[in-house]
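K.L.:
Next comes the structure file start_9.cif, holding mmCIF, C-alpha atoms.
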data_data
#
loop_
_atom_site.label_atom_id
_atom_site.label_comp_id
_atom_site.auth_asym_id
_atom_site.auth_seq_id
_atom_site.Cartn_x
_atom_site.Cartn_y
_atom_site.Cartn_z
CA MET A 28 33.91 39.07 -3.46
CA PRO A 29 35.75 35.92 -2.28
CA GLU A 30 35.40 32.82 -4.41
CA SER A 31 33.26 29.96 -3.15
CA THR A 32 35.33 27.11 -1.78
CA THR A 33 32.52 24.57 -2.16
CA SER A 34 33.62 21.75 -4.45
CA PRO A 35 31.24 19.96 -6.84
CA GLN A 36 31.58 16.81 -4.71
CA SER A 37 30.67 18.77 -1.56
CA SER A 38 27.67 20.36 -3.31
CA LEU A 39 26.46 16.94 -4.47
CA ARG A 40 26.84 15.58 -0.94
CA MET A 41 24.84 18.52 0.50
CA THR A 42 22.05 17.89 -2.03
CA HIS A 43 22.04 14.19 -1.15
CA ASP A 44 21.90 14.97 2.59
CA ALA A 45 19.03 17.39 2.02
CA GLY A 46 17.19 14.67 0.12
CA LEU A 47 17.67 12.16 2.92
CA LYS A 48 16.38 14.70 5.44
CA THR A 49 13.30 15.29 3.30
CA HIS A 50 12.67 11.55 2.97
CA PHE A 51 12.98 11.08 6.70
CA LEU A 52 10.74 14.06 7.46
CA LEU A 53 8.02 12.70 5.16
CA PHE A 54 8.36 9.27 6.77
CA PHE A 55 8.23 10.78 10.26
CA LEU A 56 5.12 12.83 9.46
CA ALA A 57 3.35 9.84 7.88
CA PHE A 58 4.36 7.54 10.75
CA SER A 59 3.21 10.07 13.36
CA ILE A 60 -0.18 10.57 11.69
CA ILE A 61 -1.04 6.88 11.53
CA LEU A 62 0.53 5.97 14.86
CA GLY A 63 -1.84 8.30 16.69
CA SER A 64 -4.94 7.44 14.69
CA GLY A 65 -4.33 3.68 14.71
CA TYR A 66 -3.37 3.25 18.35
CA ASN A 67 -6.92 2.96 19.69
CA THR A 68 -7.80 0.48 16.95
CA TYR A 69 -4.81 -1.64 17.94
CA LEU A 70 -5.70 -1.35 21.62
CA HIS A 71 -9.46 -1.87 21.62
CA TYR A 72 -10.45 -3.73 18.45
CA ASP A 73 -11.59 -7.27 19.17
CA TYR A 74 -9.51 -8.92 16.48
CA GLY A 75 -11.00 -12.26 17.52
CA TYR A 76 -13.73 -11.47 15.01
CA ALA A 77 -11.15 -10.97 12.24
CA ILE A 78 -10.30 -14.39 10.83
CA ASP A 79 -7.35 -12.95 8.89
CA SER A 80 -5.77 -11.66 12.10
CA LYS A 81 -6.04 -15.05 13.81
CA THR A 82 -4.19 -16.62 10.90
CA TYR A 83 -1.35 -14.10 10.89
CA MET A 84 -0.93 -14.27 14.67
CA ALA A 85 -0.64 -18.05 14.39
CA ILE A 86 1.88 -17.80 11.55
CA ALA A 87 4.00 -15.38 13.61
CA LYS A 88 4.11 -18.11 16.29
CA GLY A 89 5.20 -20.67 13.69
CA ASP A 90 1.84 -22.46 13.61
CA PHE A 91 0.91 -23.14 9.96
CA LYS A 92 -1.31 -26.15 10.54
CA ASP A 93 -5.04 -25.72 9.93
CA GLN A 94 -4.50 -22.13 8.77
CA SER A 95 -6.11 -20.61 5.68
CA ALA A 96 -4.67 -22.12 2.51
CA THR A 97 -4.63 -18.64 1.01
CA ARG A 98 -3.19 -16.55 3.85
CA ARG A 99 -0.63 -18.90 5.37
CA TYR A 100 1.96 -18.10 2.69
CA ARG A 101 2.05 -14.36 3.46
CA VAL A 102 4.89 -14.80 5.90
CA ILE A 103 6.99 -11.63 5.62
CA VAL A 104 4.99 -9.36 7.96
CA PRO A 105 4.24 -12.11 10.54
CA PHE A 106 7.92 -13.10 10.65
CA MET A 107 8.99 -9.45 11.01
CA ALA A 108 6.45 -9.02 13.81
CA ALA A 109 7.73 -12.16 15.55
CA ALA A 110 11.30 -10.84 15.41
CA VAL A 111 10.26 -7.49 16.90
CA ALA A 112 8.04 -9.17 19.51
CA TRP A 113 10.91 -11.13 21.03
CA PRO A 114 12.71 -8.17 22.70
CA ILE A 115 9.40 -6.45 23.48
CA SER A 116 8.15 -9.53 25.34
CA LYS A 117 11.08 -9.25 27.75
CA VAL A 118 9.77 -6.02 29.23
CA TYR A 119 6.09 -5.98 28.25
CA ALA A 120 4.77 -7.89 31.26
CA LYS A 121 6.60 -5.56 33.63
CA ILE A 122 5.04 -2.48 32.06
CA TRP A 123 1.55 -3.90 31.48
CA PRO A 124 1.16 -6.85 33.88
CA GLN A 125 -2.62 -6.91 33.32
CA ARG A 126 -2.20 -7.95 29.67
CA SER A 127 -1.33 -11.34 28.28
CA ALA A 128 2.44 -11.60 27.91
CA ASP A 129 1.93 -14.10 25.10
CA GLU A 130 -0.48 -12.16 22.90
CA TRP A 131 0.04 -8.43 23.44
CA PRO A 132 3.75 -8.10 22.58
CA LEU A 133 2.98 -9.73 19.23
CA ARG A 134 -0.01 -7.47 18.61
CA LEU A 135 2.15 -4.43 19.40
CA SER A 136 4.82 -5.70 17.02
CA PHE A 137 2.32 -6.08 14.20
CA PHE A 138 1.12 -2.54 14.90
CA LEU A 139 4.64 -1.10 14.74
CA ILE A 140 5.64 -3.06 11.61
CA ASN A 141 2.42 -2.08 9.82
CA CYS A 142 2.93 1.58 10.76
CA ILE A 143 6.49 1.52 9.42
CA LEU A 144 5.59 -0.22 6.14
CA THR A 145 2.58 2.06 5.58
CA ALA A 146 4.64 5.18 6.28
CA ILE A 147 7.28 4.04 3.76
CA ALA A 148 4.51 3.43 1.23
CA ALA A 149 3.21 6.95 1.92
CA VAL A 150 6.62 8.43 1.09
CA PHE A 151 6.62 6.66 -2.28
CA ILE A 152 3.04 7.82 -2.89
CA PHE A 153 4.17 11.40 -2.30
CA TYR A 154 7.03 11.08 -4.78
CA PHE A 155 4.77 9.26 -7.24
CA CYS A 156 2.52 12.34 -7.29
CA ARG A 157 5.54 14.60 -7.73
CA GLN A 158 6.69 12.53 -10.74
CA TYR A 159 3.44 13.48 -12.49
CA GLY A 160 4.07 17.17 -11.85
CA ALA A 161 1.79 17.67 -8.85
CA SER A 162 2.89 20.44 -6.50
CA ALA A 163 4.61 19.49 -3.24
CA ILE A 164 1.76 20.71 -1.03
CA SER A 165 -0.94 18.97 -3.10
CA SER A 166 1.13 15.78 -3.20
CA PHE A 167 1.41 15.95 0.57
CA ILE A 168 -2.34 16.47 0.94
CA GLY A 169 -2.94 13.49 -1.34
CA MET A 170 -0.63 11.42 0.82
CA VAL A 171 -2.39 12.55 4.00
CA ALA A 172 -5.80 11.74 2.47
CA VAL A 173 -4.64 8.15 1.96
CA LEU A 174 -3.34 7.98 5.53
CA ALA A 175 -6.67 9.34 6.81
CA SER A 176 -8.61 6.53 5.10
CA SER A 177 -10.54 4.18 7.35
CA TRP A 178 -8.82 1.34 5.51
CA THR A 179 -5.40 2.64 6.55
CA ASN A 180 -6.60 2.56 10.15
CA TYR A 181 -7.79 -1.01 9.66
CA THR A 182 -4.54 -1.98 7.93
CA ILE A 183 -2.26 -0.80 10.71
CA GLY A 184 -4.45 -1.44 13.76
CA LEU A 185 -4.94 -5.18 13.24
CA PRO A 186 -2.44 -8.01 12.88
CA MET A 187 -2.69 -7.90 9.08
CA THR A 188 -0.35 -7.93 6.08
CA ASP A 189 -2.10 -5.36 3.84
CA SER A 190 0.58 -2.78 4.61
CA LEU A 191 3.15 -4.79 2.66
CA TYR A 192 0.86 -5.05 -0.38
CA LEU A 193 0.25 -1.28 -0.24
CA LEU A 194 4.03 -0.78 -0.24
CA VAL A 195 4.44 -3.16 -3.20
CA ILE A 196 1.90 -1.21 -5.27
CA ALA A 197 3.44 2.15 -4.26
CA LEU A 198 6.87 0.85 -5.30
CA THR A 199 5.47 -0.48 -8.58
CA MET A 200 3.73 2.75 -9.60
CA TYR A 201 6.61 4.97 -8.47
CA GLY A 202 9.21 2.72 -10.11
CA ILE A 203 7.37 2.80 -13.45
CA LYS A 204 6.92 6.57 -13.55
CA ALA A 205 10.34 7.45 -12.09
CA LYS A 206 12.04 4.74 -14.18
CA ASP A 207 13.61 3.37 -10.99
CA PRO A 208 14.58 -0.31 -11.48
CA ARG A 209 15.40 -0.76 -7.79
CA ALA A 210 11.81 -0.10 -6.74
CA LEU A 211 10.52 -2.54 -9.37
CA ILE A 212 12.97 -5.30 -8.44
CA ILE A 213 11.92 -5.06 -4.78
CA ALA A 214 8.27 -5.24 -5.84
CA ILE A 215 8.94 -8.31 -8.01
CA PHE A 216 10.50 -10.26 -5.15
CA ILE A 217 8.27 -9.31 -2.23
CA GLY A 218 5.00 -8.89 -4.15
CA PRO A 219 4.07 -12.60 -4.31
CA PHE A 220 4.56 -12.89 -0.54
CA ALA A 221 2.31 -9.86 0.08
CA LYS A 222 -0.76 -11.16 -1.78
CA GLU A 223 -1.43 -13.77 -4.42
CA SER A 224 -3.22 -11.08 -6.43
CA PHE A 225 0.23 -9.71 -7.26
CA VAL A 226 -0.19 -11.93 -10.32
CA PHE A 227 -2.47 -9.15 -11.64
CA ILE A 228 0.12 -6.45 -10.82
CA ALA A 229 3.10 -8.25 -12.38
CA PRO A 230 2.01 -7.53 -16.01
CA ILE A 231 2.01 -3.80 -15.23
CA ILE A 232 5.68 -4.05 -14.29
CA PHE A 233 6.46 -6.22 -17.31
CA PHE A 234 4.83 -3.99 -19.94
CA TRP A 235 5.60 -0.52 -18.54
CA GLY A 236 8.60 -1.06 -16.29
CA CYS A 237 11.99 0.39 -17.21
CA ILE A 238 13.82 -2.92 -16.76
CA PRO A 239 14.66 -4.72 -20.04
CA LYS A 240 12.19 -7.53 -20.71
CA TRP A 241 14.83 -10.28 -20.71
CA LYS A 242 16.04 -9.18 -17.28
CA GLN A 243 12.47 -9.07 -16.01
CA VAL A 244 11.94 -12.65 -17.16
CA ILE A 245 14.95 -13.69 -15.09
CA TYR A 246 13.76 -11.74 -12.03
CA PHE A 247 10.24 -13.17 -12.26
CA ILE A 248 11.58 -16.72 -12.65
CA LEU A 249 13.82 -16.28 -9.60
CA SER A 250 10.98 -14.73 -7.62
CA GLY A 251 8.63 -17.53 -8.63
CA ALA A 252 11.17 -20.18 -7.65
CA ILE A 253 11.56 -18.61 -4.20
CA VAL A 254 7.80 -18.34 -3.73
CA PHE A 255 7.05 -21.88 -4.90
CA GLY A 256 9.89 -23.20 -2.73
CA ALA A 257 8.52 -21.42 0.33
CA ARG A 258 5.00 -22.66 -0.37
CA TYR A 259 6.29 -26.21 -0.79
CA LEU A 260 8.10 -26.10 2.57
CA ILE A 261 5.01 -24.74 4.32
CA ASP A 262 2.81 -27.39 2.69
CA GLN A 263 5.24 -30.07 3.79
CA GLN A 264 5.03 -28.85 7.38
CA THR A 265 1.23 -28.78 7.34
CA GLY A 266 0.82 -32.01 5.41
CA SER A 267 -1.19 -30.27 2.70
CA ALA A 268 -1.28 -31.26 -0.94
CA TYR A 269 0.83 -28.75 -2.86
CA SER A 270 -1.42 -28.70 -5.93
CA SER A 271 -4.59 -28.09 -3.92
CA SER A 272 -3.05 -25.17 -2.04
CA MET A 273 -1.99 -23.57 -5.32
CA MET A 274 -5.49 -23.90 -6.76
CA ASN A 275 -7.06 -22.46 -3.63
CA ALA A 276 -5.24 -19.15 -4.04
CA PHE A 277 -7.26 -18.40 -7.16
CA ASP A 278 -10.45 -20.31 -6.45
CA HIS A 279 -12.67 -17.34 -5.63
CA THR A 280 -14.91 -17.27 -8.68
CA ASP A 281 -17.94 -18.10 -6.52
CA ASN A 282 -17.64 -14.57 -5.08
CA PHE A 283 -18.20 -12.93 -8.47
CA GLY A 284 -21.99 -12.54 -8.30
CA TYR A 285 -22.04 -11.51 -4.66
CA SER A 286 -19.37 -8.84 -5.19
CA LEU A 287 -21.21 -7.30 -8.16
CA MET A 288 -24.47 -7.17 -6.19
CA ARG A 289 -22.64 -5.53 -3.31
CA VAL A 290 -20.99 -2.88 -5.48
CA PHE A 291 -24.25 -1.78 -7.10
CA SER A 292 -26.27 -1.75 -3.89
CA ILE A 293 -26.80 1.44 -1.88
CA HIS A 294 -24.61 0.00 0.84
CA GLY A 295 -21.90 -0.80 -1.71
CA ILE A 296 -21.91 2.68 -3.21
CA GLY A 297 -21.63 4.14 0.28
CA GLU A 298 -18.76 1.78 1.01
CA MET A 299 -16.82 3.25 -1.92
CA PHE A 300 -16.70 6.52 0.01
CA THR A 301 -14.76 4.79 2.80
CA ILE A 302 -11.73 4.57 0.53
CA MET A 303 -10.89 8.29 0.63
CA GLY A 304 -13.51 9.50 3.08
CA THR A 305 -14.68 13.09 2.75
CA PHE A 306 -11.75 13.81 0.42
CA THR A 307 -13.91 11.99 -2.15
CA PHE A 308 -16.07 15.11 -2.48
CA LEU A 309 -13.01 17.17 -3.48
CA MET A 310 -12.02 14.52 -6.01
CA LEU A 311 -15.47 14.52 -7.59
CA ALA A 312 -14.79 18.11 -8.69
CA GLY A 313 -12.48 16.67 -11.34
CA PHE A 314 -15.51 15.43 -13.30
CA PHE A 315 -17.11 18.88 -13.48
CA GLY A 316 -16.30 21.96 -15.51
CA SER A 317 -15.49 22.47 -19.18
CA LYS A 318 -14.08 19.76 -21.41
CA ILE A 319 -10.68 21.45 -21.43
CA GLU A 320 -10.67 21.76 -17.66
CA ARG A 321 -11.60 18.10 -17.20
CA LYS A 322 -8.77 17.21 -19.56
CA ASN A 323 -6.35 19.27 -17.49
CA VAL A 324 -7.41 17.45 -14.32
CA LEU A 325 -7.81 13.94 -15.74
CA GLY A 326 -5.05 14.12 -18.34
CA PHE A 327 -2.55 12.46 -16.02
CA ILE A 328 -4.32 9.13 -16.42
CA ASP A 329 -2.00 6.86 -18.41
CA TRP A 330 -1.92 3.16 -19.17
CA PRO A 331 -0.13 2.09 -15.95
CA CYS A 332 -2.83 3.87 -13.90
CA ILE A 333 -5.58 2.28 -15.97
CA ALA A 334 -3.95 -1.15 -15.77
CA LEU A 335 -3.66 -0.83 -11.98
CA PHE A 336 -7.38 -0.26 -11.60
CA ILE A 337 -8.22 -3.08 -14.00
CA ALA A 338 -6.11 -5.38 -11.82
CA LEU A 339 -7.71 -4.10 -8.62
CA ILE A 340 -11.23 -4.36 -10.03
CA ILE A 341 -10.59 -8.00 -10.97
CA HIS A 342 -9.28 -8.65 -7.47
CA ALA A 343 -12.19 -6.75 -5.91
CA ILE A 344 -14.76 -8.78 -7.83
CA LEU A 345 -13.08 -12.02 -6.79
CA SER A 346 -13.06 -10.79 -3.21
CA VAL A 347 -16.00 -10.06 -0.94
CA GLU A 348 -14.28 -6.88 0.34
CA VAL A 349 -14.52 -4.58 -2.65
CA ALA A 350 -13.68 -1.24 -1.03
CA ARG A 351 -10.73 -2.74 0.82
CA MET A 352 -9.25 -4.05 -2.43
CA LEU A 353 -9.83 -0.79 -4.32
CA PHE A 354 -8.06 1.06 -1.50
CA PHE A 355 -4.82 -0.40 -2.84
CA GLY A 356 -5.15 2.06 -5.72
CA ALA A 357 -3.94 4.60 -3.14
CA PRO A 358 -1.14 6.07 -5.31
CA VAL A 359 -3.61 6.98 -8.07
CA TRP A 360 -6.28 8.17 -5.60
CA ALA A 361 -3.69 10.51 -4.05
CA LEU A 362 -2.55 11.72 -7.47
CA PHE A 363 -6.13 12.36 -8.58
CA LEU A 364 -6.76 14.52 -5.52
CA ALA A 365 -3.48 16.38 -6.01
CA MET A 366 -4.32 17.14 -9.65
CA VAL A 367 -7.79 18.41 -8.77
CA LEU A 368 -6.29 20.77 -6.18
CA ASP A 369 -3.57 21.93 -8.59
CA LYS A 370 -5.69 22.43 -11.71
CA HIS A 371 -9.42 22.79 -11.04
CA LYS A 372 -10.88 26.29 -11.13
CA TRP A 373 -12.75 25.76 -7.87
CA PHE A 374 -9.44 25.71 -5.99
CA GLY A 375 -7.92 28.90 -7.36
CA GLY A 376 -7.89 30.45 -3.88
CA TYR A 377 -6.04 27.44 -2.51
CA ARG A 378 -3.40 27.76 -5.24
CA ARG A 379 -2.98 31.49 -4.62
CA LEU A 380 -2.59 30.82 -0.90
CA PHE A 381 0.28 28.41 -1.46
CA GLY A 382 1.72 30.07 -4.56
CA ILE A 383 1.05 27.08 -6.82
CA GLU A 384 1.63 27.72 -10.49
CA ILE A 385 -1.02 26.24 -12.78
CA ARG A 386 0.49 24.02 -15.46
CA ASN A 387 -2.23 22.91 -17.82
CA LEU A 388 -1.81 20.18 -20.40
#
Turn this file's structure into structure tokens for me.

P.N.:
Amino acid sequence: MPESTTSPQSSLRMTHDAGLKTHFLLFFLAFSIILGSGYNTYLHYDYGYAIDSKTYMAIAKGDFKDQSATRRYRVIVPFMAAAVAWPISKVYAKIWPQRSADEWPLRLSFFLINCILTAIAAVFIFYFCRQYGASAISSFIGMVAVLASSWTNYTIGLPMTDSLYLLVIALTMYGIKAKDPRALIIAIFIGPFAKESFVFIAPIIFFWGCIPKWKQVIYFILSGAIVFGARYLIDQQTGSAYSSSMMNAFDHTDNFGYSLMRVFSIHGIGEMFTIMGTFTFLMLAGFFGSKIERKNVLGFIDWPCIALFIALIIHAILSVEVARMLFFGAPVWALFLAMVLDKHKWFGGYRRLFGIEIRNL
């Protein structure tokens, strides 16, 4: 038999290429799923009723004056949309002359940017599940369940910035479990621009991240300096008092009572099911069965997962949109579903169908 002429360097390159192809395929599948489902929302939703969308559209046009003192600093997605809208606007009116050449190219740009960012987040959610030992098929189903959420549709269909925050959380959770400092560094620098509530996510990175604490302190200081500098420049342009704008970002305590009442109402409980839709019924199986079986399903829950939900619950209580905030726990929701499918006795037929090996704790 002739000897193989494949060198170690060539083998490593082939493995790397295969990995890139897998990453791209996952991204393409995620992007295709949400592009189709979100298109009608983008096209027909009357975003005039969505105050958030009005703010982000104005920011994309460079208009910061009289905008929300909380949302006007979330500039990354609006600026990306503005950059994409410029070439689109050159041909948009010729293709769709019946639509406003000023508004629609920008709406389309938001839609495309949000689809791309959400699809990237979905890829990291998939690999987050794999890091915990979930099978590839169950990890993929968990990812798809997140993409099928009504909140994903809302996130990508409107001129919003939630897609960036979803990506930040996916990077954070993946980076912690995979011990990938690059993912955590990206999260540290873009997180504060995604949502002010990143202040509740930052401690998760600090306490469980793989980056040495002294380096993290430097990264957080640099990130804070960039954020405060950007906020100062925006406040200067709008003529706002810097101190009052900073206080506004966290002045939501008056929502506490209302949010609690909403959560424990029949409507609120039903709203919780909008996070993962009908996949919620599959996930509920994880709470049934013997003690050992529940441990096998729920045993993946570690301190980073718990800390994430503590952070999101705090944010949800301070917000009037509880289900929307809890949706950002998407990496853990997907993992929970994947573990139920991989380990619960009710899904033995599913595992036999796909040849999944049961690995109990």

K.L.:
Just checking: using all atoms listed in the file, which residue out of A:Ala205, A:Leu345, A:Ala214, A:Met170 ends up closest to Pro358 in chain A?

P.N.:
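Closest to Pro358 in chain A, using all atoms listed in the file: A:Met170.
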
K.L.:
Expand the PyMOL selection byres ((chain A and resi 95) around 12) into the explicit residue set it covers here, and present it as a ChimeraX atom specification.

P.N.:
/A:78-83,85-86,90-94,96-101,261-262,265,267,272,275-276

K.L.:
Any idea what the distance is between CA of Ala57 in chain A and CA of Val171 in chain A?

P.N.:
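Here the two named atoms are 7.4 Å from each other.
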
K.L.:
What gap, in Å, lies between CA of Tyr159 in chain A and CA of Gly304 in chain A?

P.N.:
23.4 Å

K.L.:
Could you list, as a PyMOL selection string, every residue within 10 Å of Leu56 in chain A, counting all atoms listed in the file and ignoring same-chain residues fewer than 4 positions away?

P.N.:
chain A and resi 51-52+60-62+146+149-150+171

K.L.:
Evaluate the PyMOL selection byres ((chain A and resi 356) around 12) on the structure here and hand back the selected residues as a PyMOL selection string.

P.N.:
chain A and resi 148+152+173+178+192-197+199-200+228+302-303+331-340+342-343+349-355+357-363

K.L.:
Starting from the displayed file, determine the output of the PyMOL selection byres ((chain A and resi 115-131) around 12) and express the residue list as a list in words.

P.N.:
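The output of the PyMOL selection byres ((chain A and resi 115-131) around 12) on this file is Tyr69, Leu70, His71, Tyr74, Gly75, Lys81, Met84, Ala85, Ala87, Lys88, Ala108, Ala109, Ala110, Val111, Ala112, Trp113, Pro114, Pro132, Leu133, Arg134, Leu135, Ser136, Phe137, Phe138, Leu139, Leu185 and Pro186 of chain A.
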
K.L.:
Would you kindly return, as a ChimeraX atom specification, each protein, DNA or RNA residue with an atom no farther than 12 Å from any atom of Val244 in chain A, considering only C-alpha atoms and excluding same-chain residues fewer than 3 positions away?

P.N.:
/A:212,215,229-230,232-234,238-241,247-251

K.L.:
How many Å lie between CA of Gln243 in chain A and CA of Ile344 in chain A, rounded to one decimal?

P.N.:
28.4 Å

K.L.:
Using only C-alpha atoms and a cutoff of 12 Å, can you tell me which residues are near (-14.8, 18.8, -17.6) in the file's coordinates, and write them out as a PyMOL selection string?

P.N.:
chain A and resi 311-326+367+370-372

K.L.:
Quick one: write out the picked residues with C-alpha atoms as a compact mmCIF listing (two decimals), in the frame of the given file?

P.N.:
# COMPACT_ATOMS: atom_id res chain seq x y z
CA LEU A 311 -15.47 14.52 -7.59
CA ALA A 312 -14.79 18.11 -8.69
CA GLY A 313 -12.48 16.67 -11.34
CA PHE A 314 -15.51 15.43 -13.30
CA PHE A 315 -17.11 18.88 -13.48
CA GLY A 316 -16.30 21.96 -15.51
CA SER A 317 -15.49 22.47 -19.18
CA LYS A 318 -14.08 19.76 -21.41
CA ILE A 319 -10.68 21.45 -21.43
CA GLU A 320 -10.67 21.76 -17.66
CA ARG A 321 -11.60 18.10 -17.20
CA LYS A 322 -8.77 17.21 -19.56
CA ASN A 323 -6.35 19.27 -17.49
CA VAL A 324 -7.41 17.45 -14.32
CA LEU A 325 -7.81 13.94 -15.74
CA GLY A 326 -5.05 14.12 -18.34
CA VAL A 367 -7.79 18.41 -8.77
CA LYS A 370 -5.69 22.43 -11.71
CA HIS A 371 -9.42 22.79 -11.04
CA LYS A 372 -10.88 26.29 -11.13

K.L.:
Step by step: start from the point (7.8, 21.6, -7.7) in the file's coordinates, keep every protein, DNA or RNA residue that has an atom no farther than 12 Å from it, count all atoms listed in the file, and write the set as a list in words.

P.N.:
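Looking at atoms near the point gives Tyr154, Cys156, Arg157, Gln158, Tyr159, Gly160, Ala161, Ser162, Ala163, Ile164, Ser165, Ser166, Phe167, Asp369, Phe381, Gly382, Ile383, Glu384, Ile385 and Arg386 of chain A.
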
K.L.:
Please define a box with edges along x, y and z of the file around all atoms of range 246-258 of chain A given in the file, extend it by 6 Å on each side, and return its centre and edge lengths in Å to one decimal, as JSON.

P.N.:
{"center_x": 9.4, "center_y": -17.5, "center_z": -6.2, "size_x": 20.8, "size_y": 23.5, "size_z": 25.0}

K.L.:
Nearest residue to Ile183 in chain A out of A:Leu144, A:Ala257, A:Met366, A:Ile296, using all atoms listed in the file?

P.N.:
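Of the candidates, the smallest distance to Ile183 in chain A is held by A:Leu144.
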
K.L.:
Within 12 Å of Thr305 in chain A, counting all atoms listed in the file, which residues show up once you throw out same-chain ones fewer than 2 positions away? Write them as JSON, numbers by chain, please.

P.N.:
{"A": [172, 173, 175, 176, 177, 297, 299, 300, 301, 302, 303, 307, 308, 309, 310, 311, 364]}
